[in-house]
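Following: one structure in structure tokens, then a few remarks.
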Amino acid sequence: MGNGIHTATNVSNALTCLKNQGKTFIGRYFAVTNTWKALTANEVQKISSAGLYIVSIWEDGPANSPSYFTYNQGKLDGDNAFNYAADLEQSADTPIYFAVDFDATTTQKQSILDYFKGINDGYLQYIYERQKAGEQVVHYKIGVYGSYDVLTWCKDQGIATYFFQAYAPGWSDGRNTNPWSGYHLRQTASNQTLCSINVDLDISNGAAGGWKL
């Protein structure tokens with residue numbers, strides 16, 4: 001079982017400290033609009049050189065707002081996210097975790113599933129665009145970050161293959177207190193200060209789709 005973090009902060013200056021704290025992976029964000037929190041090629045190089053793994057998370061919009069989750073938004077996010085991964089030379093067959101960062105109820109279930117259907121079609125668009133441009137196509141996996149129920153819905157529909165359980169004990173009518181069976185990553189605490197940066201703490205099952213150069 002690996003220990004790591006995810007954060008919106010560039011970790012380039014904290015890598016030695018994070019390793020000394022026993023962290024083996026760093027979750028960082030892909031973004032094309034909220035670029036202040038986006039993982040960069042230079043940071044990828046530094047994390048990789050430090051021997052740590054990167055976990056890719058897509059959260060470029062208000063992922064805590066139910067209205068964000070539509071098919072069209074998912075298609076746009078999928079296309080952008082997988083192109084972003086390829087440009088950063090993310091390893092093949094590793095996931096991007098798309099965030100659903102609110103306590104979704106059954107009334108929002110269909111819109112979330114529509115969003116992930118859009119992500120899948122955005123992935124196909126990414127492949128088409130790369131092939132048309134004569135560029136190498138690197139194949140990736142679709143992951144989901146969210147509550148106990150969101151992970152269950154996505155698994156049942158077969159629209160995600162990697163699962164990252166959010167930390168919020170009250171979500172999913174309290175079911176989120178319990179580890180979701182089959183999680184690849186599980187957040188265990190939020191808004192912690194570690195190595196002078198704000199982080200969320202995570203554990204992995206040892207096969208969470210981390211990558212490095």
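Note on naming: chains are A, B, ... as they come in the structure tokens, residues start from 1 per chain, ligands start from 1 in the order shown.
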
Would you give me, as a short mmCIF file (atom, residue, chain, number, x, y, z; two decimals) with all heavy atoms, in the first residue's frame, the residues in region 72-176 of chain A that DSSP reads as alpha helix (DSSP H)?
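File produced: result38.cif:
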```cif
data_model
loop_
_atom_site.label_atom_id
_atom_site.label_comp_id
_atom_site.auth_asym_id
_atom_site.auth_seq_id
_atom_site.Cartn_x
_atom_site.Cartn_y
_atom_site.Cartn_z
N ASN A 72 -21.67 17.45 -23.18
CA ASN A 72 -20.79 18.33 -23.96
C ASN A 72 -19.55 18.73 -23.17
O ASN A 72 -18.45 18.81 -23.73
CB ASN A 72 -21.56 19.56 -24.43
CG ASN A 72 -22.55 19.25 -25.54
OD1 ASN A 72 -22.40 18.26 -26.24
ND2 ASN A 72 -23.57 20.08 -25.68
N GLN A 73 -19.74 19.01 -21.87
CA GLN A 73 -18.58 19.37 -21.04
C GLN A 73 -17.63 18.18 -20.92
O GLN A 73 -16.41 18.34 -20.96
CB GLN A 73 -19.03 19.82 -19.66
CG GLN A 73 -17.91 20.38 -18.80
CD GLN A 73 -17.30 21.63 -19.38
OE1 GLN A 73 -18.00 22.62 -19.62
NE2 GLN A 73 -16.00 21.62 -19.63
N GLY A 74 -18.18 16.99 -20.78
CA GLY A 74 -17.35 15.81 -20.69
C GLY A 74 -16.55 15.58 -21.96
O GLY A 74 -15.36 15.22 -21.91
N LYS A 75 -17.16 15.79 -23.11
CA LYS A 75 -16.44 15.60 -24.38
C LYS A 75 -15.30 16.60 -24.51
O LYS A 75 -14.20 16.24 -24.93
CB LYS A 75 -17.41 15.74 -25.55
CG LYS A 75 -16.76 15.40 -26.89
CD LYS A 75 -17.77 15.40 -28.03
CE LYS A 75 -17.10 15.01 -29.35
NZ LYS A 75 -18.07 15.01 -30.47
N LEU A 76 -15.55 17.86 -24.14
CA LEU A 76 -14.50 18.87 -24.17
C LEU A 76 -13.39 18.53 -23.20
O LEU A 76 -12.19 18.61 -23.54
CB LEU A 76 -15.10 20.24 -23.85
CG LEU A 76 -14.12 21.41 -23.78
CD1 LEU A 76 -13.47 21.65 -25.14
CD2 LEU A 76 -14.84 22.67 -23.31
N ASP A 77 -13.76 18.15 -21.98
CA ASP A 77 -12.75 17.81 -20.97
C ASP A 77 -11.93 16.60 -21.38
O ASP A 77 -10.71 16.57 -21.20
CB ASP A 77 -13.43 17.54 -19.62
CG ASP A 77 -13.89 18.82 -18.93
OD1 ASP A 77 -13.61 19.92 -19.43
OD2 ASP A 77 -14.53 18.70 -17.86
N GLY A 78 -12.60 15.59 -21.96
CA GLY A 78 -11.86 14.41 -22.38
C GLY A 78 -10.84 14.73 -23.46
O GLY A 78 -9.68 14.33 -23.38
N ASP A 79 -11.26 15.47 -24.46
CA ASP A 79 -10.36 15.84 -25.55
C ASP A 79 -9.17 16.63 -25.00
O ASP A 79 -7.99 16.33 -25.29
CB ASP A 79 -11.13 16.67 -26.58
CG ASP A 79 -10.33 16.93 -27.85
OD1 ASP A 79 -9.31 16.25 -28.08
OD2 ASP A 79 -10.72 17.84 -28.61
N ASN A 80 -9.45 17.63 -24.18
CA ASN A 80 -8.38 18.45 -23.61
C ASN A 80 -7.45 17.64 -22.70
O ASN A 80 -6.22 17.77 -22.75
CB ASN A 80 -8.96 19.62 -22.82
CG ASN A 80 -9.46 20.74 -23.69
OD1 ASN A 80 -8.97 20.94 -24.81
ND2 ASN A 80 -10.43 21.50 -23.22
N ALA A 81 -8.03 16.80 -21.86
CA ALA A 81 -7.24 16.07 -20.87
C ALA A 81 -6.29 15.08 -21.52
O ALA A 81 -5.11 14.99 -21.14
CB ALA A 81 -8.17 15.34 -19.90
N PHE A 82 -6.76 14.34 -22.50
CA PHE A 82 -5.89 13.32 -23.11
C PHE A 82 -4.82 13.95 -24.00
O PHE A 82 -3.70 13.44 -24.07
CB PHE A 82 -6.73 12.29 -23.84
CG PHE A 82 -7.57 11.47 -22.90
CD1 PHE A 82 -8.95 11.57 -22.89
CD2 PHE A 82 -6.98 10.62 -21.99
CE1 PHE A 82 -9.73 10.84 -22.00
CE2 PHE A 82 -7.74 9.88 -21.08
CZ PHE A 82 -9.11 9.99 -21.09
N ASN A 83 -5.14 15.07 -24.64
CA ASN A 83 -4.10 15.80 -25.34
C ASN A 83 -3.06 16.34 -24.37
O ASN A 83 -1.85 16.34 -24.66
CB ASN A 83 -4.71 16.95 -26.16
CG ASN A 83 -5.18 16.49 -27.53
OD1 ASN A 83 -4.37 16.13 -28.38
ND2 ASN A 83 -6.49 16.50 -27.75
N TYR A 84 -3.52 16.81 -23.22
CA TYR A 84 -2.61 17.33 -22.19
C TYR A 84 -1.66 16.21 -21.74
O TYR A 84 -0.45 16.41 -21.61
CB TYR A 84 -3.43 17.85 -21.01
CG TYR A 84 -2.72 18.85 -20.13
CD1 TYR A 84 -2.94 20.22 -20.27
CD2 TYR A 84 -1.83 18.43 -19.14
CE1 TYR A 84 -2.31 21.14 -19.44
CE2 TYR A 84 -1.20 19.35 -18.32
CZ TYR A 84 -1.43 20.69 -18.47
OH TYR A 84 -0.80 21.61 -17.67
N ALA A 85 -2.23 15.03 -21.50
CA ALA A 85 -1.42 13.89 -21.06
C ALA A 85 -0.35 13.54 -22.11
O ALA A 85 0.81 13.31 -21.77
CB ALA A 85 -2.32 12.69 -20.80
N ALA A 86 -0.77 13.49 -23.36
CA ALA A 86 0.18 13.15 -24.42
C ALA A 86 1.29 14.19 -24.54
O ALA A 86 2.47 13.84 -24.73
CB ALA A 86 -0.56 13.00 -25.75
N ASP A 87 0.92 15.44 -24.39
CA ASP A 87 1.93 16.51 -24.50
C ASP A 87 2.94 16.44 -23.35
O ASP A 87 4.10 16.82 -23.53
CB ASP A 87 1.24 17.87 -24.50
CG ASP A 87 0.49 18.16 -25.80
OD1 ASP A 87 0.75 17.46 -26.80
OD2 ASP A 87 -0.36 19.07 -25.80
N LYS A 109 -27.36 11.52 -10.91
CA LYS A 109 -26.69 10.33 -11.44
C LYS A 109 -26.59 10.37 -12.97
O LYS A 109 -25.50 10.17 -13.53
CB LYS A 109 -27.42 9.06 -10.99
CG LYS A 109 -26.83 7.79 -11.57
CD LYS A 109 -27.60 6.56 -11.08
CE LYS A 109 -27.07 5.28 -11.69
NZ LYS A 109 -27.81 4.08 -11.20
N GLN A 110 -27.69 10.65 -13.65
CA GLN A 110 -27.67 10.57 -15.10
C GLN A 110 -26.77 11.63 -15.71
O GLN A 110 -26.06 11.37 -16.69
CB GLN A 110 -29.08 10.71 -15.68
CG GLN A 110 -29.16 10.40 -17.17
CD GLN A 110 -28.64 9.01 -17.51
OE1 GLN A 110 -29.09 8.02 -16.94
NE2 GLN A 110 -27.68 8.93 -18.43
N SER A 111 -26.74 12.83 -15.13
CA SER A 111 -25.89 13.88 -15.69
C SER A 111 -24.42 13.52 -15.53
O SER A 111 -23.59 13.81 -16.40
CB SER A 111 -26.19 15.23 -15.04
OG SER A 111 -25.89 15.21 -13.66
N ILE A 112 -24.07 12.85 -14.44
CA ILE A 112 -22.68 12.42 -14.24
C ILE A 112 -22.33 11.32 -15.24
O ILE A 112 -21.24 11.33 -15.83
CB ILE A 112 -22.47 11.97 -12.79
CG1 ILE A 112 -22.50 13.20 -11.87
CG2 ILE A 112 -21.14 11.22 -12.63
CD1 ILE A 112 -22.56 12.88 -10.42
N LEU A 113 -23.25 10.38 -15.44
CA LEU A 113 -23.00 9.33 -16.43
C LEU A 113 -22.90 9.92 -17.83
O LEU A 113 -22.07 9.49 -18.64
CB LEU A 113 -24.09 8.27 -16.36
CG LEU A 113 -24.16 7.49 -15.05
CD1 LEU A 113 -25.29 6.47 -15.11
CD2 LEU A 113 -22.85 6.79 -14.74
N ASP A 114 -23.72 10.94 -18.13
CA ASP A 114 -23.63 11.62 -19.42
C ASP A 114 -22.26 12.29 -19.58
O ASP A 114 -21.66 12.27 -20.67
CB ASP A 114 -24.73 12.67 -19.54
CG ASP A 114 -26.12 12.08 -19.70
OD1 ASP A 114 -26.22 10.87 -20.00
OD2 ASP A 114 -27.10 12.82 -19.51
N TYR A 115 -21.79 12.90 -18.50
CA TYR A 115 -20.48 13.55 -18.51
C TYR A 115 -19.38 12.53 -18.86
O TYR A 115 -18.51 12.80 -19.71
CB TYR A 115 -20.21 14.18 -17.15
CG TYR A 115 -18.84 14.79 -16.98
CD1 TYR A 115 -18.52 16.02 -17.53
CD2 TYR A 115 -17.86 14.13 -16.23
CE1 TYR A 115 -17.26 16.59 -17.37
CE2 TYR A 115 -16.60 14.69 -16.05
CZ TYR A 115 -16.30 15.91 -16.62
OH TYR A 115 -15.05 16.47 -16.44
N PHE A 116 -19.44 11.37 -18.26
CA PHE A 116 -18.41 10.36 -18.53
C PHE A 116 -18.58 9.74 -19.92
O PHE A 116 -17.57 9.34 -20.54
CB PHE A 116 -18.38 9.30 -17.43
CG PHE A 116 -17.56 9.74 -16.25
CD1 PHE A 116 -18.11 10.48 -15.22
CD2 PHE A 116 -16.20 9.48 -16.20
CE1 PHE A 116 -17.35 10.93 -14.15
CE2 PHE A 116 -15.42 9.91 -15.14
CZ PHE A 116 -15.99 10.64 -14.11
N LYS A 117 -19.79 9.68 -20.41
CA LYS A 117 -19.97 9.28 -21.81
C LYS A 117 -19.30 10.30 -22.72
O LYS A 117 -18.63 9.94 -23.71
CB LYS A 117 -21.45 9.18 -22.14
CG LYS A 117 -21.76 8.88 -23.62
CD LYS A 117 -21.20 7.55 -24.07
CE LYS A 117 -21.77 7.09 -25.41
NZ LYS A 117 -21.51 8.01 -26.51
N GLY A 118 -19.42 11.58 -22.37
CA GLY A 118 -18.74 12.63 -23.12
C GLY A 118 -17.23 12.49 -23.05
O GLY A 118 -16.53 12.69 -24.06
N ILE A 119 -16.71 12.13 -21.88
CA ILE A 119 -15.27 11.94 -21.74
C ILE A 119 -14.79 10.84 -22.68
O ILE A 119 -13.77 10.97 -23.36
CB ILE A 119 -14.90 11.59 -20.28
CG1 ILE A 119 -15.07 12.82 -19.39
CG2 ILE A 119 -13.47 11.05 -20.18
CD1 ILE A 119 -14.99 12.52 -17.91
N ASN A 120 -15.54 9.74 -22.74
CA ASN A 120 -15.17 8.66 -23.64
C ASN A 120 -15.15 9.13 -25.09
O ASN A 120 -14.22 8.82 -25.85
CB ASN A 120 -16.15 7.50 -23.48
CG ASN A 120 -15.76 6.30 -24.33
OD1 ASN A 120 -14.84 5.57 -24.01
ND2 ASN A 120 -16.47 6.12 -25.43
N ASP A 121 -16.16 9.91 -25.49
CA ASP A 121 -16.19 10.42 -26.86
C ASP A 121 -15.10 11.46 -27.08
O ASP A 121 -14.55 11.58 -28.18
CB ASP A 121 -17.57 11.00 -27.17
CG ASP A 121 -18.62 9.91 -27.34
OD1 ASP A 121 -18.25 8.72 -27.43
OD2 ASP A 121 -19.82 10.24 -27.37
N GLY A 122 -14.75 12.22 -26.04
CA GLY A 122 -13.63 13.14 -26.13
C GLY A 122 -12.31 12.40 -26.31
O GLY A 122 -11.41 12.88 -27.03
N TYR A 123 -12.19 11.24 -25.71
CA TYR A 123 -11.02 10.41 -25.90
C TYR A 123 -10.92 9.95 -27.35
O TYR A 123 -9.83 9.99 -27.97
CB TYR A 123 -11.08 9.21 -24.96
CG TYR A 123 -9.97 8.21 -25.11
CD1 TYR A 123 -8.65 8.58 -24.90
CD2 TYR A 123 -10.24 6.89 -25.46
CE1 TYR A 123 -7.62 7.67 -25.03
CE2 TYR A 123 -9.21 5.97 -25.59
CZ TYR A 123 -7.91 6.35 -25.38
OH TYR A 123 -6.89 5.45 -25.51
N LEU A 124 -12.05 9.55 -27.92
CA LEU A 124 -12.06 9.15 -29.32
C LEU A 124 -11.72 10.33 -30.23
O LEU A 124 -11.03 10.16 -31.25
CB LEU A 124 -13.43 8.58 -29.69
CG LEU A 124 -13.84 7.31 -28.94
CD1 LEU A 124 -15.25 6.89 -29.35
CD2 LEU A 124 -12.85 6.18 -29.17
N GLN A 125 -12.17 11.52 -29.85
CA GLN A 125 -11.83 12.73 -30.60
C GLN A 125 -10.33 13.00 -30.55
O GLN A 125 -9.71 13.36 -31.56
CB GLN A 125 -12.62 13.92 -30.05
CG GLN A 125 -12.34 15.24 -30.74
CD GLN A 125 -12.92 15.31 -32.14
OE1 GLN A 125 -13.82 14.54 -32.49
NE2 GLN A 125 -12.42 16.22 -32.95
N TYR A 126 -9.76 12.84 -29.38
CA TYR A 126 -8.30 12.99 -29.21
C TYR A 126 -7.55 12.05 -30.14
O TYR A 126 -6.59 12.45 -30.83
CB TYR A 126 -7.94 12.74 -27.74
CG TYR A 126 -6.60 12.09 -27.52
CD1 TYR A 126 -5.42 12.81 -27.61
CD2 TYR A 126 -6.52 10.72 -27.19
CE1 TYR A 126 -4.18 12.20 -27.39
CE2 TYR A 126 -5.30 10.11 -26.98
CZ TYR A 126 -4.13 10.84 -27.08
OH TYR A 126 -2.92 10.24 -26.87
N ILE A 127 -7.99 10.79 -30.20
CA ILE A 127 -7.33 9.82 -31.08
C ILE A 127 -7.46 10.25 -32.54
O ILE A 127 -6.48 10.23 -33.30
CB ILE A 127 -7.93 8.42 -30.87
CG1 ILE A 127 -7.58 7.90 -29.46
CG2 ILE A 127 -7.44 7.44 -31.94
CD1 ILE A 127 -8.26 6.61 -29.10
N TYR A 128 -8.66 10.65 -32.93
CA TYR A 128 -8.90 11.07 -34.31
C TYR A 128 -8.01 12.27 -34.67
O TYR A 128 -7.39 12.30 -35.75
CB TYR A 128 -10.37 11.43 -34.49
CG TYR A 128 -10.67 12.10 -35.81
CD1 TYR A 128 -10.75 11.36 -36.99
CD2 TYR A 128 -10.87 13.48 -35.87
CE1 TYR A 128 -11.02 11.99 -38.20
CE2 TYR A 128 -11.14 14.12 -37.07
CZ TYR A 128 -11.22 13.36 -38.24
OH TYR A 128 -11.48 13.98 -39.43
N GLU A 129 -7.95 13.26 -33.79
CA GLU A 129 -7.16 14.47 -34.06
C GLU A 129 -5.67 14.13 -34.21
O GLU A 129 -4.99 14.66 -35.10
CB GLU A 129 -7.34 15.48 -32.93
CG GLU A 129 -8.73 16.10 -32.86
CD GLU A 129 -8.95 16.88 -31.58
OE1 GLU A 129 -8.12 16.76 -30.66
OE2 GLU A 129 -9.96 17.59 -31.50
N ARG A 130 -5.17 13.28 -33.34
CA ARG A 130 -3.75 12.90 -33.40
C ARG A 130 -3.44 12.12 -34.67
O ARG A 130 -2.40 12.35 -35.32
CB ARG A 130 -3.39 12.09 -32.15
CG ARG A 130 -3.43 12.89 -30.86
CD ARG A 130 -2.06 13.42 -30.50
NE ARG A 130 -2.14 14.46 -29.48
CZ ARG A 130 -1.10 14.98 -28.85
NH1 ARG A 130 0.11 14.56 -29.13
NH2 ARG A 130 -1.25 15.95 -27.97
N GLN A 131 -4.32 11.21 -35.02
CA GLN A 131 -4.10 10.43 -36.24
C GLN A 131 -4.16 11.32 -37.47
O GLN A 131 -3.33 11.18 -38.38
CB GLN A 131 -5.14 9.32 -36.34
CG GLN A 131 -4.95 8.21 -35.32
CD GLN A 131 -6.03 7.16 -35.39
OE1 GLN A 131 -7.16 7.43 -35.81
NE2 GLN A 131 -5.73 5.95 -34.94
N LYS A 132 -5.11 12.24 -37.49
CA LYS A 132 -5.26 13.14 -38.63
C LYS A 132 -4.02 14.02 -38.80
O LYS A 132 -3.61 14.33 -39.93
CB LYS A 132 -6.50 14.01 -38.45
CG LYS A 132 -6.83 14.89 -39.66
CD LYS A 132 -8.11 15.66 -39.44
CE LYS A 132 -8.43 16.55 -40.64
NZ LYS A 132 -9.70 17.32 -40.42
N TYR A 148 -18.46 7.46 -2.84
CA TYR A 148 -18.79 6.04 -2.89
C TYR A 148 -19.82 5.75 -3.97
O TYR A 148 -19.64 4.84 -4.79
CB TYR A 148 -19.34 5.64 -1.51
CG TYR A 148 -19.47 4.16 -1.26
CD1 TYR A 148 -18.53 3.49 -0.48
CD2 TYR A 148 -20.54 3.43 -1.76
CE1 TYR A 148 -18.65 2.12 -0.21
CE2 TYR A 148 -20.67 2.07 -1.51
CZ TYR A 148 -19.72 1.42 -0.73
OH TYR A 148 -19.84 0.08 -0.49
N ASP A 149 -20.89 6.54 -4.02
CA ASP A 149 -21.95 6.30 -5.01
C ASP A 149 -21.49 6.60 -6.43
O ASP A 149 -21.80 5.85 -7.36
CB ASP A 149 -23.19 7.14 -4.67
CG ASP A 149 -23.97 6.57 -3.49
OD1 ASP A 149 -23.64 5.46 -3.02
OD2 ASP A 149 -24.92 7.24 -3.04
N VAL A 150 -20.75 7.69 -6.61
CA VAL A 150 -20.27 8.05 -7.95
C VAL A 150 -19.38 6.94 -8.50
O VAL A 150 -19.49 6.54 -9.66
CB VAL A 150 -19.54 9.40 -7.92
CG1 VAL A 150 -18.77 9.63 -9.22
CG2 VAL A 150 -20.53 10.54 -7.69
N LEU A 151 -18.49 6.41 -7.67
CA LEU A 151 -17.63 5.32 -8.11
C LEU A 151 -18.46 4.10 -8.49
O LEU A 151 -18.19 3.44 -9.49
CB LEU A 151 -16.61 4.97 -7.01
CG LEU A 151 -15.28 5.71 -7.03
CD1 LEU A 151 -15.45 7.23 -7.02
CD2 LEU A 151 -14.40 5.28 -5.86
N THR A 152 -19.47 3.82 -7.70
CA THR A 152 -20.34 2.67 -7.98
C THR A 152 -21.07 2.85 -9.31
O THR A 152 -21.12 1.92 -10.14
CB THR A 152 -21.36 2.48 -6.85
OG1 THR A 152 -20.66 2.23 -5.63
CG2 THR A 152 -22.30 1.32 -7.14
N TRP A 153 -21.64 4.03 -9.54
CA TRP A 153 -22.38 4.27 -10.80
C TRP A 153 -21.46 4.10 -12.00
O TRP A 153 -21.85 3.49 -12.99
CB TRP A 153 -22.97 5.68 -10.80
CG TRP A 153 -23.92 5.97 -9.69
CD1 TRP A 153 -24.66 5.07 -8.97
CD2 TRP A 153 -24.24 7.26 -9.15
NE1 TRP A 153 -25.40 5.72 -8.03
CE2 TRP A 153 -25.17 7.06 -8.11
CE3 TRP A 153 -23.81 8.55 -9.42
CZ2 TRP A 153 -25.69 8.12 -7.36
CZ3 TRP A 153 -24.33 9.61 -8.69
CH2 TRP A 153 -25.26 9.40 -7.67
N CYS A 154 -20.26 4.67 -11.91
CA CYS A 154 -19.35 4.61 -13.05
C CYS A 154 -18.87 3.18 -13.31
O CYS A 154 -18.73 2.76 -14.46
CB CYS A 154 -18.16 5.54 -12.83
SG CYS A 154 -18.58 7.29 -12.92
N LYS A 155 -18.64 2.43 -12.24
CA LYS A 155 -18.23 1.04 -12.42
C LYS A 155 -19.37 0.23 -13.03
O LYS A 155 -19.15 -0.55 -13.97
CB LYS A 155 -17.81 0.43 -11.09
CG LYS A 155 -17.35 -1.01 -11.24
CD LYS A 155 -16.95 -1.63 -9.92
CE LYS A 155 -16.47 -3.07 -10.13
NZ LYS A 155 -16.12 -3.73 -8.86
N ASP A 156 -20.57 0.41 -12.52
CA ASP A 156 -21.72 -0.36 -13.01
C ASP A 156 -21.98 -0.10 -14.49
O ASP A 156 -22.42 -1.00 -15.22
CB ASP A 156 -22.97 -0.03 -12.20
CG ASP A 156 -22.93 -0.61 -10.79
OD1 ASP A 156 -22.04 -1.44 -10.51
OD2 ASP A 156 -23.79 -0.22 -9.97
N GLN A 157 -21.71 1.12 -14.94
CA GLN A 157 -21.92 1.47 -16.34
C GLN A 157 -20.72 1.15 -17.23
O GLN A 157 -20.79 1.30 -18.45
CB GLN A 157 -22.26 2.97 -16.46
CG GLN A 157 -23.60 3.36 -15.85
CD GLN A 157 -24.76 2.72 -16.58
OE1 GLN A 157 -24.82 2.72 -17.80
NE2 GLN A 157 -25.71 2.18 -15.82
#
```

request  = Write out as JSON, numbers by chain which residues come within 7 Å of region 197-211 of chain A when counting only C-alpha atoms, dropping same-chain ones fewer than 4 positions away.
outcome  = {"A": [1, 2, 3, 4, 5, 6, 7, 9, 53, 54, 55, 90, 91, 94, 95, 184, 185, 186, 187, 188, 189, 190, 191, 192, 193]}

Nearest residue to Ala14 (chain A) from the set A:Ile142, A:Lys212, A:Leu194, A:Tyr29 (distances using only C-alpha atoms) =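 Looking at the shortest contact to Ala14 (chain A), the residue is A:Leu194.
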
What's around Asn64 (chain A) at 12 Å? Count only C-alpha atoms, leave out sequence neighbours fewer than 3 positions away in its own chain, and write the answer as a compact mmCIF listing (two decimals) with C-alpha atoms, in the first residue's frame.
```txt
# COMPACT_ATOMS: atom_id res chain seq x y z
CA GLU A 59 -10.31 19.33 -12.63
CA ASP A 60 -10.41 22.45 -14.77
CA GLY A 61 -13.88 23.75 -13.95
CA SER A 67 -24.57 21.92 -13.38
CA TYR A 68 -21.03 21.40 -14.70
CA PHE A 69 -21.68 17.77 -15.53
CA ALA A 99 -13.10 14.77 -10.57
CA VAL A 100 -16.69 14.79 -9.34
CA ASP A 101 -16.08 16.85 -6.24
CA PHE A 102 -19.48 17.07 -4.58
CA ASP A 103 -21.97 14.85 -2.79
CA ALA A 104 -23.89 13.63 -5.81
CA ILE A 112 -22.68 12.42 -14.24
CA TYR A 145 -12.51 10.73 -8.47
CA GLY A 146 -15.61 10.99 -6.35
CA SER A 147 -17.86 9.62 -3.67
```

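For region 34-144 of chain A, backbone-based DSSP assignment of strand (DSSP E or B) covers Ala38, Tyr53, Ile54, Val55, Ser56, Ile57, Trp58, Pro95, Ile96, Tyr97, Phe98, Ala99, Lys141, Ile142, Gly143 and Val144 of chain A.
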
inquiry  = As an exercise, work out the distance from CA of Gln21 (chain A) to CA of Ala92 (chain A) in Å and give it to one decimal place.
reply    =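 CA of Ala92 (chain A) lies at a distance of 28.7 Å from CA of Gln21 (chain A).
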